[in-house]
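Visitor: Enclosed is the structure file coords17.txt (compact mmCIF, C-alpha atoms and all ligand atoms).
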```txt
# COMPACT_ATOMS: atom_id res chain seq x y z
CA MET A 249 -45.19 10.51 202.26
CA LEU A 250 -47.24 13.19 203.90
CA VAL A 251 -49.01 11.84 206.99
CA LEU A 252 -52.51 13.35 207.19
CA ASN A 253 -52.58 13.95 210.91
CA GLY A 254 -56.21 14.15 212.00
CA LYS A 255 -55.19 14.74 215.59
CA GLU A 256 -53.39 17.94 214.61
CA VAL A 257 -56.25 19.13 212.38
CA SER A 258 -58.61 18.38 215.23
CA LYS A 259 -56.58 20.61 217.57
CA VAL A 260 -56.77 23.48 215.09
CA VAL A 261 -60.52 23.09 214.56
CA ARG A 262 -61.21 22.77 218.31
CA ALA A 263 -59.16 25.92 218.97
CA SER A 264 -61.32 27.75 216.43
CA LEU A 265 -64.47 26.60 218.22
CA ILE A 266 -63.53 28.16 221.57
CA PRO A 267 -64.06 31.81 220.45
CA ARG A 268 -67.24 30.80 218.61
CA VAL A 269 -68.64 29.28 221.80
CA GLU A 270 -67.63 32.44 223.71
CA LYS A 271 -69.35 34.66 221.14
CA PHE A 272 -72.48 32.52 221.29
CA LYS A 273 -72.43 32.79 225.10
CA LEU A 274 -72.14 36.59 224.95
CA SER A 275 -75.11 36.91 222.63
CA THR A 276 -77.41 34.26 224.14
CA GLY A 277 -76.31 33.90 227.78
CA ARG A 278 -75.75 30.15 227.40
CA VAL A 279 -73.37 27.77 225.64
CA PRO A 280 -74.18 25.20 222.90
CA HIS A 281 -75.49 22.03 224.48
CA LEU A 282 -75.42 18.44 223.25
CA ALA A 283 -77.86 15.89 224.67
CA VAL A 284 -76.63 12.31 224.30
CA VAL A 285 -79.09 9.46 224.71
CA ILE A 286 -77.73 6.01 225.42
CA VAL A 287 -79.78 2.86 225.95
CA GLY A 288 -78.41 -0.34 227.48
CA ASP A 289 -75.06 -1.14 229.04
CA ASP A 290 -72.70 -1.77 226.12
CA VAL A 291 -69.31 -0.86 227.58
CA ALA A 292 -67.79 0.50 224.32
CA SER A 293 -70.86 2.71 223.69
CA HIS A 294 -70.61 4.15 227.20
CA VAL A 295 -66.92 4.96 226.58
CA TYR A 296 -67.80 6.73 223.28
CA VAL A 297 -70.51 8.74 225.01
CA LYS A 298 -68.19 9.82 227.86
CA ASN A 299 -65.58 10.87 225.27
CA LYS A 300 -68.18 13.02 223.49
CA LYS A 301 -69.09 14.73 226.77
CA LYS A 302 -65.41 15.36 227.54
CA ALA A 303 -64.83 16.76 224.04
CA CYS A 304 -67.79 19.16 224.44
CA GLU A 305 -66.41 20.43 227.72
CA ALA A 306 -62.92 20.90 226.25
CA VAL A 307 -64.25 23.62 223.91
CA GLY A 308 -66.53 25.22 226.51
CA MET A 309 -69.75 23.54 225.40
CA THR A 310 -71.92 21.44 227.71
CA SER A 311 -73.42 17.99 227.36
CA THR A 312 -75.95 15.87 229.24
CA ILE A 313 -75.92 12.09 229.10
CA HIS A 314 -79.39 10.53 229.25
CA ALA A 315 -78.58 6.91 230.12
CA HIS A 316 -81.48 4.45 230.15
CA PRO A 317 -81.67 0.71 230.80
CA ALA A 318 -82.35 -1.61 227.85
CA SER A 319 -85.85 -2.10 229.30
CA ILE A 320 -86.94 1.40 228.19
CA THR A 321 -90.03 1.22 225.95
CA GLN A 322 -90.28 2.80 222.50
CA LYS A 323 -92.88 5.22 223.86
CA GLU A 324 -90.64 6.30 226.74
CA LEU A 325 -87.74 6.84 224.34
CA ASN A 326 -89.93 8.74 221.86
CA ASP A 327 -91.28 10.93 224.68
CA LEU A 328 -87.73 11.74 225.83
CA LEU A 329 -86.74 12.76 222.30
CA LYS A 330 -89.84 14.94 221.92
CA LYS A 331 -88.97 16.63 225.24
CA LEU A 332 -85.41 17.29 224.03
CA ASN A 333 -86.76 18.61 220.69
CA ALA A 334 -88.87 21.11 222.61
CA ASP A 335 -86.13 22.14 225.07
CA ASN A 336 -84.70 25.48 223.92
CA GLY A 337 -81.48 24.84 225.87
CA VAL A 338 -80.67 21.75 223.79
CA ASP A 339 -78.91 22.33 220.45
CA GLY A 340 -77.97 18.79 219.44
CA ILE A 341 -79.58 15.43 220.15
CA LEU A 342 -77.51 12.33 219.57
CA VAL A 343 -78.84 8.83 220.09
CA GLN A 344 -75.96 6.39 220.44
CA LEU A 345 -76.48 3.56 217.93
CA PRO A 346 -77.05 0.68 217.68
CA LEU A 347 -80.16 0.49 219.86
CA PRO A 348 -81.36 -2.73 221.52
CA LYS A 349 -83.40 -4.87 219.10
CA HIS A 350 -86.86 -4.08 220.51
CA LEU A 351 -86.40 -0.37 219.71
CA SER A 352 -86.87 1.05 216.22
CA THR A 353 -83.99 3.18 214.96
CA ASP A 354 -86.22 4.36 212.10
CA GLU A 355 -88.81 5.65 214.55
CA VAL A 356 -86.10 7.50 216.49
CA LEU A 357 -84.69 9.04 213.31
CA GLY A 358 -88.18 10.13 212.35
CA ILE A 359 -88.66 12.00 215.64
CA ILE A 360 -85.41 13.92 216.23
CA SER A 361 -85.75 17.42 214.83
CA PRO A 362 -83.39 17.98 211.84
CA GLU A 363 -82.58 21.34 213.45
CA LYS A 364 -81.03 19.42 216.36
CA ASP A 365 -79.37 16.56 214.47
CA PRO A 366 -75.57 17.07 214.55
CA ASP A 367 -74.96 13.57 213.14
CA CYS A 368 -77.09 14.26 210.03
CA LEU A 369 -78.88 10.94 210.48
CA THR A 370 -82.56 11.86 210.54
CA PHE A 371 -84.45 11.31 207.30
CA LYS A 372 -85.11 15.01 206.87
CA SER A 373 -81.46 15.98 207.45
CA VAL A 374 -80.33 13.29 205.01
CA GLY A 375 -82.82 14.62 202.44
CA TYR A 376 -81.46 18.17 202.74
CA PHE A 377 -77.89 16.83 202.58
CA PHE A 378 -78.38 14.82 199.38
CA ALA A 379 -80.38 17.66 197.84
CA GLY A 380 -77.23 19.77 198.14
CA LYS A 381 -78.66 21.97 200.91
CA PRO A 382 -77.14 20.47 204.08
CA ILE A 383 -78.17 21.79 207.49
CA VAL A 384 -74.99 20.05 208.63
CA SER A 385 -73.01 17.26 206.95
CA PRO A 386 -72.38 13.78 208.42
CA CYS A 387 -69.45 13.87 210.86
CA THR A 388 -67.02 11.31 209.41
CA PRO A 389 -67.08 12.43 205.75
CA ALA A 390 -67.20 16.10 206.76
CA GLY A 391 -64.19 15.47 209.04
CA ILE A 392 -62.34 13.91 206.09
CA MET A 393 -63.12 16.94 203.90
CA SER A 394 -61.70 19.15 206.71
CA ILE A 395 -58.49 17.09 206.79
CA LEU A 396 -58.07 17.42 203.01
CA ASN A 397 -58.83 21.11 203.21
CA HIS A 398 -56.33 21.63 206.05
CA TYR A 399 -53.54 20.14 203.93
CA GLY A 400 -54.55 22.22 200.89
CA ILE A 401 -55.66 19.17 198.91
CA SER A 402 -58.32 20.10 196.38
CA VAL A 403 -60.22 17.10 195.04
CA ALA A 404 -61.65 18.98 192.06
CA GLY A 405 -61.01 16.97 188.90
CA MET A 406 -59.56 14.01 190.81
CA ASN A 407 -60.62 10.44 190.22
CA ALA A 408 -61.83 9.41 193.67
CA VAL A 409 -62.78 5.93 194.81
CA VAL A 410 -64.80 5.35 197.97
CA VAL A 411 -64.75 1.79 199.31
CA GLY A 412 -67.93 1.14 201.33
CA ARG A 413 -71.54 2.31 200.89
CA SER A 414 -72.83 2.70 204.45
CA ASN A 415 -75.27 5.48 205.26
CA ILE A 416 -72.86 7.07 207.76
CA VAL A 417 -69.61 6.95 205.78
CA GLY A 418 -69.47 5.61 202.20
CA LYS A 419 -72.62 7.13 200.67
CA PRO A 420 -72.26 10.64 202.14
CA MET A 421 -68.50 10.58 201.43
CA ALA A 422 -69.13 9.89 197.75
CA HIS A 423 -71.68 12.72 197.69
CA MET A 424 -69.34 15.23 199.36
CA LEU A 425 -66.50 14.37 196.98
CA MET A 426 -68.84 14.73 194.02
CA GLU A 427 -70.05 18.10 195.33
CA ALA A 428 -66.37 19.11 195.55
CA ASN A 429 -66.05 18.26 191.83
CA ALA A 430 -64.23 14.93 192.03
CA THR A 431 -65.22 12.12 189.64
CA VAL A 432 -66.40 9.47 192.05
CA THR A 433 -66.60 5.70 191.91
CA LEU A 434 -68.33 3.95 194.81
CA CYS A 435 -67.14 0.39 195.48
CA HIS A 436 -68.69 -2.11 197.89
CA SER A 437 -68.75 -5.76 198.93
CA LYS A 438 -70.18 -6.86 195.57
CA THR A 439 -67.66 -4.89 193.47
CA LYS A 440 -65.64 -7.13 191.18
CA ASN A 441 -61.87 -6.63 191.12
CA LEU A 442 -61.75 -3.88 193.75
CA SER A 443 -58.06 -3.31 193.13
CA VAL A 444 -58.66 -2.44 189.46
CA HIS A 445 -60.76 0.50 190.65
CA THR A 446 -58.58 1.65 193.55
CA LYS A 447 -55.43 1.53 191.37
CA GLN A 448 -56.97 4.09 188.97
CA ALA A 449 -57.71 6.56 191.74
CA ASP A 450 -55.97 9.79 192.68
CA LEU A 451 -57.80 9.61 196.02
CA VAL A 452 -59.08 6.50 197.81
CA VAL A 453 -61.27 6.63 200.91
CA VAL A 454 -61.42 3.18 202.48
CA ALA A 455 -64.41 2.45 204.74
CA ALA A 456 -65.01 -1.27 204.31
CA GLY A 457 -64.65 -2.28 207.93
CA LYS A 458 -62.19 -5.05 206.99
CA ALA A 459 -58.87 -4.90 208.79
CA HIS A 460 -55.81 -4.52 206.53
CA LEU A 461 -57.91 -4.99 203.37
CA LEU A 462 -55.76 -2.81 201.10
CA GLY A 463 -52.01 -2.22 200.78
CA LYS A 464 -49.36 -0.76 198.47
CA GLU A 465 -50.27 -2.96 195.47
CA ASP A 466 -53.85 -1.59 195.51
CA PHE A 467 -52.91 2.07 195.05
CA LYS A 468 -51.26 3.92 192.21
CA GLN A 469 -48.00 5.70 192.91
CA GLY A 470 -48.62 9.20 194.24
CA ALA A 471 -52.22 8.53 195.34
CA ILE A 472 -53.85 9.99 198.45
CA VAL A 473 -55.25 7.39 200.84
CA ILE A 474 -57.74 7.98 203.64
CA ASP A 475 -58.34 5.11 206.04
CA VAL A 476 -61.66 5.21 207.91
CA GLY A 477 -61.49 1.64 209.27
CA MET A 478 -61.29 1.09 213.00
CA HIS A 479 -60.46 -2.32 214.41
CA GLY A 480 -59.42 -3.44 217.85
CA THR A 481 -61.35 -0.89 219.86
CA GLY A 482 -61.47 -3.14 222.94
CA GLN A 483 -59.45 -2.33 226.04
CA GLY A 484 -55.75 -3.05 225.61
CA GLN A 485 -56.15 -3.83 221.88
CA LYS A 486 -54.03 -2.10 219.27
CA LEU A 487 -56.16 0.10 217.01
CA THR A 488 -55.71 -0.58 213.28
CA GLY A 489 -57.47 0.36 210.06
CA ASP A 490 -58.56 -1.06 206.69
CA VAL A 491 -55.22 -0.13 205.08
CA ARG A 492 -51.75 -1.57 205.61
CA PHE A 493 -50.34 1.87 206.37
CA GLU A 494 -46.77 0.68 206.92
CA GLU A 495 -46.49 -0.39 203.26
CA LEU A 496 -47.36 3.04 201.87
CA ASN A 497 -44.32 5.15 202.72
CA GLY A 498 -42.34 6.05 199.58
CA TRP A 499 -45.22 5.00 197.31
CA VAL A 500 -48.26 7.19 197.93
CA GLN A 501 -48.28 10.98 198.20
CA ALA A 502 -50.26 11.20 201.44
CA ALA A 503 -52.14 8.90 203.81
CA SER A 504 -54.08 9.10 207.05
CA PRO A 505 -52.97 6.75 209.84
CA VAL A 506 -55.07 4.75 212.30
CA PRO A 507 -55.08 5.82 215.07
CA GLY A 508 -54.65 9.58 214.71
CA GLY A 509 -56.33 10.08 211.34
CA VAL A 510 -60.06 10.18 210.68
CA GLY A 511 -61.20 9.18 214.20
CA PRO A 512 -60.32 12.41 216.04
CA MET A 513 -61.92 14.51 213.31
CA THR A 514 -65.23 12.64 213.51
CA ILE A 515 -65.79 13.72 217.10
CA THR A 516 -64.47 17.23 216.45
CA THR A 517 -66.94 17.58 213.57
CA LEU A 518 -69.72 16.56 215.94
CA LEU A 519 -68.74 19.54 218.14
CA GLN A 520 -68.55 21.82 215.11
CA ASN A 521 -71.98 20.68 213.91
CA THR A 522 -73.56 21.16 217.35
CA CYS A 523 -72.10 24.66 217.54
CA LEU A 524 -73.34 25.44 214.01
CA LEU A 525 -76.86 24.21 214.83
CA ALA A 526 -76.87 26.37 217.97
CA GLU A 527 -75.75 29.42 215.97
CA LYS A 528 -78.29 28.80 213.21
CA ARG A 529 -81.17 28.36 215.64
CA ALA A 530 -80.16 31.46 217.64
CA SER A 531 -79.96 33.57 214.48
CA GLN A 532 -83.17 31.97 213.18
CA THR A 533 -81.51 30.93 209.95
CA LEU A 534 -82.96 27.43 210.27
P1 LIG B 1 -70.47 -0.87 207.43
O1 LIG B 1 -70.16 -2.25 207.88
O2 LIG B 1 -71.82 -0.29 207.68
O3 LIG B 1 -70.19 -0.77 205.87
C1 LIG B 1 -69.08 -1.35 205.28
C2 LIG B 1 -69.17 -1.18 203.78
O4 LIG B 1 -68.02 -1.73 203.19
C3 LIG B 1 -70.38 -1.87 203.16
O5 LIG B 1 -71.05 -0.95 202.34
C4 LIG B 1 -69.79 -3.01 202.33
O6 LIG B 1 -70.47 -3.17 201.09
C5 LIG B 1 -68.36 -2.55 202.10
N1 LIG B 1 -67.42 -3.69 202.09
C6 LIG B 1 -67.29 -4.66 203.00
N2 LIG B 1 -66.31 -5.51 202.63
C7 LIG B 1 -65.83 -5.07 201.45
C8 LIG B 1 -64.82 -5.50 200.57
N3 LIG B 1 -64.10 -6.61 200.83
N4 LIG B 1 -64.59 -4.80 199.46
C9 LIG B 1 -65.31 -3.68 199.18
N5 LIG B 1 -66.27 -3.21 199.98
C10 LIG B 1 -66.52 -3.89 201.11
O7 LIG B 1 -69.34 0.03 208.06
P2 LIG B 1 -69.22 1.62 208.33
O8 LIG B 1 -70.11 1.98 209.44
O9 LIG B 1 -69.27 2.37 207.06
O10 LIG B 1 -67.72 1.66 208.88
C11 LIG B 1 -66.63 1.21 208.10
C12 LIG B 1 -65.38 1.19 208.95
O11 LIG B 1 -65.13 2.51 209.39
C13 LIG B 1 -65.51 0.35 210.22
O12 LIG B 1 -64.24 -0.20 210.51
C14 LIG B 1 -65.87 1.37 211.28
O13 LIG B 1 -65.46 0.99 212.58
C15 LIG B 1 -65.10 2.56 210.81
N6 LIG B 1 -65.64 3.86 211.19
C16 LIG B 1 -64.76 4.75 211.66
C17 LIG B 1 -65.17 6.01 212.00
C18 LIG B 1 -64.17 6.98 212.50
O14 LIG B 1 -64.54 7.99 213.04
N7 LIG B 1 -62.88 6.72 212.32
C19 LIG B 1 -66.52 6.38 211.85
C20 LIG B 1 -67.40 5.44 211.32
C21 LIG B 1 -66.95 4.17 210.98
```
For this file, write the structure as structure tokens.

Guide:
Amino acid sequence: MLVLNGKEVSKVVRASLIPRVEKFKLSTGRVPHLAVVIVGDDVASHVYVKNKKKACEAVGMTSTIHAHPASITQKELNDLLKKLNADNGVDGILVQLPLPKHLSTDEVLGIISPEKDPDCLTFKSVGYFFAGKPIVSPCTPAGIMSILNHYGISVAGMNAVVVGRSNIVGKPMAHMLMEANATVTLCHSKTKNLSVHTKQADLVVVAAGKAHLLGKEDFKQGAIVIDVGMHGTGQGQKLTGDVRFEELNGWVQAASPVPGGVGPMTITTLLQNTCLLAEKRASQTL
């Protein structure tokens, strides 16, 4: 079984970003910059945000963390986002979700400029994406496409099953696979006989958020399995996915592990998208 090593792919992609950042710096006198907005004191969210800043710096980009207490008002948050929209030195704006309950995520996603949305979450960016004219593509599915591409796996003509229909993973994943000429089935929590569908598939992307949901008996021999699930993200906990990876060896053709599969490529795609937005804005192709 070929292990689809997202950590390795991530290294290759990050190495390719370094000269792009250098070139951008030579032509503009600055480096691509990601502004990260975090509200409240959720420990895991603060860890994610610090990791994003570290990742930016590792490829020569810069990042500012705008940390605000949960008491921030919607107006204050909206004003901050409008300021970042207008700041020419900011290329990407990322609001760490979920937000505290008194704040409207929809309002936030309506304000961030699609030209500065590396997560492809704003309504306008999503519209362009599903219309087949992406400014950038959502990080997790785009990271998965990069992994497949790195290993020379073409999905054209494949029967692909996506398990999960969230706005950040399942839905855009199905769209990207369809755009790459796979025949796509989208399964979800109300799908009857999930295994009947997954067993037909040449490629299965599992993003159900249910630990160890699928194993060997759910895949056909020689299938390709991508595990997006992430469980046990607390300190000292062992990270696992939605797939019982240890059962797959000798049965499937290729599979991505957790950890070391999709996760590293999600954050690397965020860097790639921020760099791309910076380049597009500088060359006025947006
Ligand atoms: P979500 O909870 O928003 O969506 C889960 C989806 O799975 C839903 O559409 C639901 O209908 C479907 N589902 C739930 N149980 C099911 C079942 N038994 N059978 C079939 N479908 C089922 O989750 P999400 O945000 O899409 O994330 C999914 C998983 O991926 C989570 O574990 C999350 O932590 C992980 N994740 C990982 C990364 C990464 O970078 N590795 C990025 C995003 C999400």

Visitor: Show me, as a ChimeraX atom specification, the residues that have an atom within 12 Å of Ile359 in chain A when counting all atoms listed in the file, minus same-chain residues fewer than 4 positions from it.

Guide: /A:322-323,325-334,341-343,352-355,363-365,369-373

Visitor: A:Ser385, A:Ser293, A:Gln485, A:Asn441: which is nearest Pro420 in chain A, counting all atoms listed in the file?

Guide: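 Once distances to Pro420 in chain A are computed over all atoms listed in the file, the minimum belongs to A:Ser385.
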
Visitor: Out of A:Arg492, A:Arg262, A:His460, A:His294, which residue has the shortest atom-to-atom distance to ligand LIG 1 (chain B) when counting only C-alpha atoms and all ligand atoms?

Guide: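 Looking at the shortest contact to ligand LIG 1 (chain B), the residue is A:His460.
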
Visitor: May I ask which of the residues A:Leu518, A:Ile383, A:Val452, A:Val284 is the closest one to Gly418 in chain A, counting only C-alpha atoms?

Guide: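 Counting only C-alpha atoms, the residue closest to Gly418 in chain A is A:Val452.
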
Visitor: 8 Å from ligand LIG 1 (chain B) is the threshold here; counting all atoms listed in the file, which polymer residues fall inside it? Answer as JSON, numbers by chain.

Guide: {"A": [387, 388, 411, 412, 413, 414, 415, 416, 417, 418, 435, 436, 437, 438, 439, 442, 454, 455, 456, 457, 458, 459, 461, 475, 476, 477, 478, 479, 489, 490, 509, 510, 511, 512, 513, 514, 515]}

Visitor: Quick one: pull the distance between CA of His314 in chain A and CA of Leu345 in chain A, Å, one decimal.

Guide: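 Separation between CA of His314 in chain A and CA of Leu345 in chain A: 13.6 Å.
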
Visitor: If you measure from CA of Val291 in chain A to CA of Thr488 in chain A, what distance in Å do you get, rounded to one decimal?

Guide: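 Answer for the CA of Val291 in chain A to CA of Thr488 in chain A separation: 19.7 Å.
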
Visitor: Report as a count of residues only all protein, DNA and RNA residues lying within 7 Å of range 502-506 of chain A, evaluated on all atoms listed in the file, omitting residues in the same chain fewer than 4 positions from it.

Guide: 14

Visitor: Please indicate the distance in Å from CA of Thr310 in chain A to CA of Asn397 in chain A, rounded to one decimal place.

Guide: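 Straight-line distance from CA of Thr310 in chain A to CA of Asn397 in chain A works out to 27.8 Å.
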
Visitor: Please determine, counting only C-alpha atoms, which residue among A:Ser531, A:Ser275, A:Ser311, A:Ser394 has the shortest atom-to-atom distance to Val260 in chain A.

Guide: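 Residue with the minimum atom-to-atom distance to Val260 in chain A: A:Ser394.
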
Visitor: Let me make sure I understand: among A:Val432, A:Ala526, A:Ala283, A:Met424, which one has the smallest atom-to-atom distance to Gly380 in chain A if we use only C-alpha atoms?

Guide: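 Distance minimum relative to Gly380 in chain A lands on A:Met424.
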
Visitor: Residues near range 463-466 of chain A, anyone? I mean within 8 Å using all atoms listed in the file, not counting same-chain ones fewer than 6 positions away, as an MDAnalysis selection string.

Guide: chainID A and resid 443:444 446:447 491:493 495:496 499

Visitor: Can I get the selected residues back with C-alpha atoms, as a short mmCIF file (atom, residue, chain, number, x, y, z; two decimals), keeping the file's coordinate frame?

Guide:
```
data_model
loop_
_atom_site.label_atom_id
_atom_site.label_comp_id
_atom_site.auth_asym_id
_atom_site.auth_seq_id
_atom_site.Cartn_x
_atom_site.Cartn_y
_atom_site.Cartn_z
CA SER A 443 -58.06 -3.31 193.13
CA VAL A 444 -58.66 -2.44 189.46
CA THR A 446 -58.58 1.65 193.55
CA LYS A 447 -55.43 1.53 191.37
CA VAL A 491 -55.22 -0.13 205.08
CA ARG A 492 -51.75 -1.57 205.61
CA PHE A 493 -50.34 1.87 206.37
CA GLU A 495 -46.49 -0.39 203.26
CA LEU A 496 -47.36 3.04 201.87
CA TRP A 499 -45.22 5.00 197.31
#
```

Visitor: Using only C-alpha atoms, find the one residue out of A:Gly470, A:Gly391, A:Pro382, A:Pro317 that sits nearest to Val287 in chain A.

Guide: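 Among the listed residues, A:Pro317 lies closest to Val287 in chain A.
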
Visitor: Given 4 Å of margin on each side, can you work out the centre and size in Å (one decimal) of an axis-aligned box holding every listed atom of range 439-443 of chain A, as lines of an AutoDock Vina configuration file?

Guide:
```
center_x = -62.9
center_y = -5.2
center_z = 192.4
size_x = 17.6
size_y = 11.8
size_z = 10.6
```

Visitor: Which residues, written as a PyMOL selection string, have at least one atom at most 6 Å from Asp450 in chain A, with only C-alpha atoms counted and residues fewer than 4 positions away on the same chain left out?

Guide: chain A and resi 406-408+471

Visitor: Can you patch up range 407-418 of chain A, filling it in to N, CA, C and O atoms, and show the result as a compact mmCIF listing (two decimals), in the coordinates of the input?

Guide:
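So the final result, stored in rebuild_9.txt, reads:
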```txt
# COMPACT_ATOMS: atom_id res chain seq x y z
N ASN A 407 -59.87 11.69 190.22
CA ASN A 407 -60.62 10.44 190.22
C ASN A 407 -60.59 9.91 191.64
O ASN A 407 -59.52 9.61 192.17
N ALA A 408 -61.76 9.85 192.27
CA ALA A 408 -61.83 9.41 193.67
C ALA A 408 -62.58 8.10 193.75
O ALA A 408 -63.60 7.91 193.08
N VAL A 409 -62.07 7.18 194.56
CA VAL A 409 -62.78 5.93 194.81
C VAL A 409 -63.11 5.86 196.30
O VAL A 409 -62.25 6.09 197.15
N VAL A 410 -64.38 5.57 196.59
CA VAL A 410 -64.80 5.35 197.97
C VAL A 410 -65.09 3.86 198.10
O VAL A 410 -65.83 3.30 197.29
N VAL A 411 -64.50 3.22 199.10
CA VAL A 411 -64.75 1.79 199.31
C VAL A 411 -65.68 1.67 200.52
O VAL A 411 -65.29 1.99 201.65
N GLY A 412 -66.91 1.23 200.27
CA GLY A 412 -67.93 1.14 201.33
C GLY A 412 -69.11 2.02 200.98
O GLY A 412 -68.91 3.13 200.45
N ARG A 413 -70.33 1.54 201.26
CA ARG A 413 -71.54 2.31 200.89
C ARG A 413 -72.49 2.45 202.06
O ARG A 413 -73.71 2.44 201.90
N SER A 414 -71.94 2.55 203.29
CA SER A 414 -72.83 2.70 204.45
C SER A 414 -73.46 4.08 204.45
O SER A 414 -72.94 5.02 203.83
N ASN A 415 -74.57 4.18 205.19
CA ASN A 415 -75.27 5.48 205.26
C ASN A 415 -74.45 6.52 206.03
O ASN A 415 -74.63 7.71 205.80
N ILE A 416 -73.58 6.06 206.96
CA ILE A 416 -72.86 7.07 207.76
C ILE A 416 -71.51 7.46 207.16
O ILE A 416 -71.00 8.52 207.45
N VAL A 417 -70.93 6.59 206.34
CA VAL A 417 -69.61 6.95 205.78
C VAL A 417 -69.61 6.94 204.24
O VAL A 417 -69.49 7.98 203.60
N GLY A 418 -69.71 5.75 203.64
CA GLY A 418 -69.47 5.61 202.20
C GLY A 418 -70.36 6.50 201.33
O GLY A 418 -69.85 7.27 200.51
```
